[in-house]
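This report concerns only the one structure given below.
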Amino acid sequence: MTPDLSPAANGGVGVLLVNLGTPDAPTPDAVRRYLAEFLSDPRVVEIPAIAWKPILHGVILRTRPAKSAHAYSQVWTAAGSPLAAITAGQAGALQQRLGDAVTVDWAMRYGNPSLPSRLQAMKDAGCERILVAPLYPQYSGATTASVMDKLGDALRAMRWQPALRTLPPYYDDAAYIAALEEDVVAQVAALEFTPEVLLLSYHGMPERTRKLGDPYHDHCRETSRLLSARLAQRLPSLRVETSFQSRFGRAKWLEPATETVLAEEAKSGTRRLAILAPGFSADCVETLEELAIRGREVFEEAGGERLAVLACLNDRAPGMAMLEGLVRRELSGWLSGI
Ligand SMILES: C=CC1=C(C)c2cc3[nH]c(cc4nc(cc5[nH]c(cc1n2)c(C)c5CCC(=O)O)C(CCC(=O)O)=C4C)c(C)c3C=C
Ligand SMILES: [Fe+2]
Ligand SMILES: [Fe+2]
């Protein structure tokens, strides 16, 4: 095939938003396909394949899909998986903010739309310079680095590659902390009750990854420290705590576990609690089912009365203004006059 060298088809700038991934449907078969890809990634499960494959295929993929499909079915929307629908909304909102000079698209690390397929589609549409933006504020090997691995695989298969930049983690960026602050203050003001505690719940990781040099735990703690300091000025009576959710497998995970903190807070007298998941750019099964359904049961069974799970930044204005700012900064020198 002869390369298209016409000016209209080439030289374009693109932004590719990437999030984790989600099944195509809330069914055991679709969840099995998705989990098989996700949990075969050596960045996610750092156990030698020879030991892990029999456990994955012999136990996990036989038992977990039905349980996870039930969780997904409780949060599925007319637009599909919340994570996919919201990520698409973020891409649309960013496109509007940046205008026609930039092509904005989105992809998933696992499942669909796949990262290689969207990268190729952007290249075919004339994008020769692409900013890949993993929507993970806190860096981890299992998330950010895994996106870069997949990007490397996709590039390896391309003869004519686009030039690439990648968005660095933004866990301590003043714009991210300010967006969270503004959004928390507005969401708390709109509640029917005044929470005594704000629990910042991050997705967990095996504790071992921290010892191996993964900065994820430190990034989460730093986000919490910076956000707590800002909230202390705005909502001085709110006590802010941090926890890690979603323990998976038998190994020790980062602590304290969200479930444990919810139960202990209720047992020690906290009656009204709000949860925010600052590490998730978009609401997903982890916030809408694990926190808002199962977390609520844990809190109420231990004596808690009111629990509010605050929305993630999603595609609303505070988060989109922050993302637009980060993206414009990273596109510096690639754009003129926008
Ligand atoms: C935001 C950061 C995330 C980190 C860090 C992370 C690490 C991690 N996750 C698993 C296992 C599972 N995660 C699952 C869902 C899931 N995880 C994240 C984000 C992070 N994961 C998101 C946004 C989601 C939701 C996806 C969606 O479709 O909405 C799941 C699947 C759900 C389930 O079956 O419970 C698993 C499994 C590990 C092992 C890990 C670190 C090593
Ligand atoms: Fe996860
Ligand atoms: Fe989870």
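How things are named: the first chain in the structure tokens is A, the next is B, and so on; residues count from 1 in each chain; ligands count from 1 in the order shown.
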Quick one: contact table of chain A to ligand 1, 8 Å max, nearest atom pair and distance in Å to one decimal per residue, counting only C-alpha atoms and all ligand atoms, chain and number order, as a tab-separated table?
residue	atom	partner	partner_atom_place_in_ligand_line	distance
A:Asn19	CA	ligand 1	23 (C)	7.2
A:Leu20	CA	ligand 1	23 (C)	5.6
A:Gly21	CA	ligand 1	28 (O)	5.6
A:Thr22	CA	ligand 1	28 (O)	3.5
A:Pro23	CA	ligand 1	28 (O)	6.1
A:Val31	CA	ligand 1	34 (O)	7.9
A:Leu35	CA	ligand 1	37 (C)	6.6
A:Phe38	CA	ligand 1	37 (C)	7.7
A:Leu39	CA	ligand 1	39 (C)	7.0
A:Arg43	CA	ligand 1	42 (C)	7.2
A:Val44	CA	ligand 1	42 (C)	4.2
A:Val45	CA	ligand 1	42 (C)	5.6
A:Glu46	CA	ligand 1	42 (C)	7.7
A:Arg64	CA	ligand 1	34 (O)	6.6
A:Pro65	CA	ligand 1	34 (O)	7.0
A:Lys67	CA	ligand 1	34 (O)	7.5
A:Ser68	CA	ligand 1	34 (O)	4.6
A:Ala69	CA	ligand 1	34 (O)	7.8
A:Ala71	CA	ligand 1	35 (O)	7.9
A:Tyr72	CA	ligand 1	28 (O)	7.5
A:Ser81	CA	ligand 1	28 (O)	6.7
A:Pro82	CA	ligand 1	29 (O)	6.6
A:Leu83	CA	ligand 1	29 (O)	5.1
A:Ala84	CA	ligand 1	28 (O)	7.8
A:Tyr136	CA	ligand 1	1 (C)	5.9
A:Gln138	CA	ligand 1	2 (C)	7.5
A:Tyr139	CA	ligand 1	5 (C)	7.9
A:Ser140	CA	ligand 1	5 (C)	5.9
A:Gly141	CA	ligand 1	5 (C)	8.0
A:Ala142	CA	ligand 1	42 (C)	5.5
A:Thr143	CA	ligand 1	5 (C)	5.8
A:Tyr202	CA	ligand 1	1 (C)	7.1
A:His203	CA	ligand 1	3 (C)	5.1
A:Gly204	CA	ligand 1	5 (C)	6.0
A:Met205	CA	ligand 1	41 (C)	4.5
A:Pro206	CA	ligand 1	42 (C)	6.1
A:Tyr216	CA	ligand 1	5 (C)	7.3
A:Ser246	CA	ligand 1	35 (O)	7.1
A:Arg247	CA	ligand 1	39 (C)	7.7
A:Phe248	CA	ligand 1	39 (C)	5.6
A:Gly249	CA	ligand 1	39 (C)	7.6
A:Gly279	CA	ligand 1	1 (C)	5.2
A:Phe280	CA	ligand 1	1 (C)	5.0
A:Ser281	CA	ligand 1	1 (C)	7.8
A:Ala282	CA	ligand 1	23 (C)	7.4
A:Asp283	CA	ligand 1	29 (O)	7.4
A:Cys284	CA	ligand 1	29 (O)	3.8
A:Val285	CA	ligand 1	29 (O)	4.2
A:Glu286	CA	ligand 1	25 (C)	5.4
For the selection just defined, write its residues with N, CA and C atoms to a file, as a compact mmCIF listing (two decimals), in the first residue's frame.
# COMPACT_ATOMS: atom_id res chain seq x y z
N ASN A 19 -8.20 3.73 29.71
CA ASN A 19 -8.54 3.25 31.06
C ASN A 19 -8.37 1.74 31.11
N LEU A 20 -8.73 1.16 32.23
CA LEU A 20 -8.36 -0.24 32.49
C LEU A 20 -9.01 -1.24 31.54
N GLY A 21 -10.33 -1.19 31.46
CA GLY A 21 -11.02 -2.17 30.64
C GLY A 21 -12.17 -2.75 31.40
N THR A 22 -13.05 -3.42 30.67
CA THR A 22 -14.31 -3.86 31.23
C THR A 22 -14.87 -4.92 30.31
N PRO A 23 -15.71 -5.82 30.81
CA PRO A 23 -16.28 -6.83 29.89
C PRO A 23 -17.23 -6.20 28.88
N VAL A 31 -17.43 -11.91 30.98
CA VAL A 31 -16.54 -11.59 32.10
C VAL A 31 -15.35 -12.55 32.11
N LEU A 35 -11.62 -11.30 32.12
CA LEU A 35 -10.72 -11.63 33.24
C LEU A 35 -9.54 -12.47 32.77
N PHE A 38 -7.11 -9.92 31.44
CA PHE A 38 -6.65 -9.06 32.53
C PHE A 38 -5.70 -9.83 33.46
N LEU A 39 -6.15 -10.99 33.91
CA LEU A 39 -5.38 -11.70 34.93
C LEU A 39 -4.25 -12.54 34.35
N ARG A 43 2.01 -8.03 34.61
CA ARG A 43 2.08 -6.79 35.41
C ARG A 43 1.03 -6.81 36.52
N VAL A 44 -0.05 -7.57 36.31
CA VAL A 44 -1.15 -7.59 37.28
C VAL A 44 -0.95 -8.71 38.30
N VAL A 45 -0.67 -9.89 37.81
CA VAL A 45 -0.40 -11.01 38.72
C VAL A 45 1.06 -11.40 38.53
N GLU A 46 1.86 -11.04 39.53
CA GLU A 46 3.31 -11.23 39.42
C GLU A 46 3.73 -12.57 40.02
N ARG A 64 -14.89 -17.24 39.45
CA ARG A 64 -15.09 -15.80 39.59
C ARG A 64 -16.05 -15.16 38.57
N PRO A 65 -16.06 -15.61 37.29
CA PRO A 65 -16.91 -14.94 36.31
C PRO A 65 -18.38 -14.83 36.73
N LYS A 67 -19.67 -14.73 39.76
CA LYS A 67 -19.77 -13.76 40.87
C LYS A 67 -19.58 -12.33 40.34
N SER A 68 -18.55 -12.14 39.50
CA SER A 68 -18.28 -10.80 38.96
C SER A 68 -19.39 -10.36 38.01
N ALA A 69 -19.94 -11.31 37.21
CA ALA A 69 -21.03 -10.96 36.28
C ALA A 69 -22.22 -10.44 37.07
N ALA A 71 -22.06 -8.86 39.91
CA ALA A 71 -21.70 -7.49 40.32
C ALA A 71 -21.89 -6.52 39.15
N TYR A 72 -21.40 -6.90 37.97
CA TYR A 72 -21.54 -6.02 36.80
C TYR A 72 -23.01 -5.80 36.45
N SER A 81 -21.23 -0.75 30.09
CA SER A 81 -20.46 -0.69 31.33
C SER A 81 -20.24 0.78 31.72
N PRO A 82 -20.46 1.12 32.98
CA PRO A 82 -20.23 2.52 33.38
C PRO A 82 -18.83 3.00 33.03
N LEU A 83 -17.83 2.16 33.23
CA LEU A 83 -16.45 2.59 32.97
C LEU A 83 -16.27 2.97 31.50
N ALA A 84 -16.82 2.16 30.60
CA ALA A 84 -16.69 2.45 29.16
C ALA A 84 -17.52 3.68 28.79
N TYR A 136 -4.89 7.18 35.08
CA TYR A 136 -4.56 6.74 36.45
C TYR A 136 -3.76 7.85 37.11
N GLN A 138 -2.47 7.93 40.07
CA GLN A 138 -1.35 7.33 40.80
C GLN A 138 -0.72 6.25 39.92
N TYR A 139 0.60 6.29 39.79
CA TYR A 139 1.30 5.30 38.95
C TYR A 139 1.35 3.95 39.65
N SER A 140 1.12 2.89 38.88
CA SER A 140 1.48 1.55 39.38
C SER A 140 1.92 0.70 38.20
N GLY A 141 2.72 -0.31 38.49
CA GLY A 141 3.15 -1.24 37.45
C GLY A 141 1.94 -1.92 36.82
N ALA A 142 0.93 -2.23 37.67
CA ALA A 142 -0.24 -2.98 37.18
C ALA A 142 -1.15 -2.16 36.28
N THR A 143 -1.02 -0.85 36.31
CA THR A 143 -1.93 -0.01 35.52
C THR A 143 -1.13 0.80 34.48
N TYR A 202 -8.74 3.74 47.83
CA TYR A 202 -8.00 3.49 46.59
C TYR A 202 -8.06 1.99 46.27
N HIS A 203 -7.91 1.66 44.99
CA HIS A 203 -7.81 0.24 44.65
C HIS A 203 -6.55 -0.32 45.30
N GLY A 204 -6.64 -1.54 45.81
CA GLY A 204 -5.48 -2.14 46.47
C GLY A 204 -4.49 -2.75 45.50
N MET A 205 -3.37 -3.16 46.06
CA MET A 205 -2.28 -3.86 45.34
C MET A 205 -1.65 -4.80 46.36
N PRO A 206 -0.99 -5.86 45.90
CA PRO A 206 -0.26 -6.68 46.87
C PRO A 206 0.81 -5.84 47.58
N TYR A 216 3.11 3.16 43.91
CA TYR A 216 1.65 3.36 43.99
C TYR A 216 1.19 3.75 45.40
N SER A 246 -10.65 -4.00 47.54
CA SER A 246 -10.58 -5.01 46.48
C SER A 246 -9.51 -6.06 46.64
N ARG A 247 -9.26 -6.52 47.85
CA ARG A 247 -8.24 -7.55 47.99
C ARG A 247 -8.56 -8.73 47.07
N PHE A 248 -7.54 -9.24 46.39
CA PHE A 248 -7.70 -10.33 45.43
C PHE A 248 -6.61 -11.36 45.69
N GLY A 249 -6.99 -12.62 45.94
CA GLY A 249 -6.00 -13.67 46.19
C GLY A 249 -5.61 -13.73 47.65
N GLY A 279 -8.63 7.53 43.17
CA GLY A 279 -7.76 6.86 42.19
C GLY A 279 -8.51 6.41 40.95
N PHE A 280 -9.84 6.47 40.99
CA PHE A 280 -10.64 6.07 39.83
C PHE A 280 -11.08 7.34 39.10
N SER A 281 -10.73 7.44 37.83
CA SER A 281 -11.16 8.62 37.05
C SER A 281 -12.63 8.55 36.71
N ALA A 282 -13.15 7.32 36.72
CA ALA A 282 -14.56 7.14 36.32
C ALA A 282 -15.20 6.12 37.25
N ASP A 283 -16.47 6.33 37.51
CA ASP A 283 -17.20 5.33 38.30
C ASP A 283 -17.22 4.01 37.54
N CYS A 284 -17.20 2.93 38.29
CA CYS A 284 -17.07 1.60 37.69
C CYS A 284 -17.59 0.60 38.71
N VAL A 285 -17.45 -0.68 38.38
CA VAL A 285 -17.98 -1.70 39.28
C VAL A 285 -17.37 -1.58 40.69
N GLU A 286 -16.15 -1.08 40.75
CA GLU A 286 -15.46 -0.96 42.04
C GLU A 286 -16.10 0.08 42.96
Closest of A:Lys252, A:Arg109, A:Arg271, A:Arg32 to ligand 2 - atom-to-atom distances counting only C-alpha atoms and all ligand atoms
A:Arg109
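CA of Gly319 in chain A is positioned 11.3 Å from CA of Leu135 in chain A.
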I need the alpha helix (DSSP H) residues of range 5-206 of chain A per DSSP on the backbone, written as a count of residues only.
87
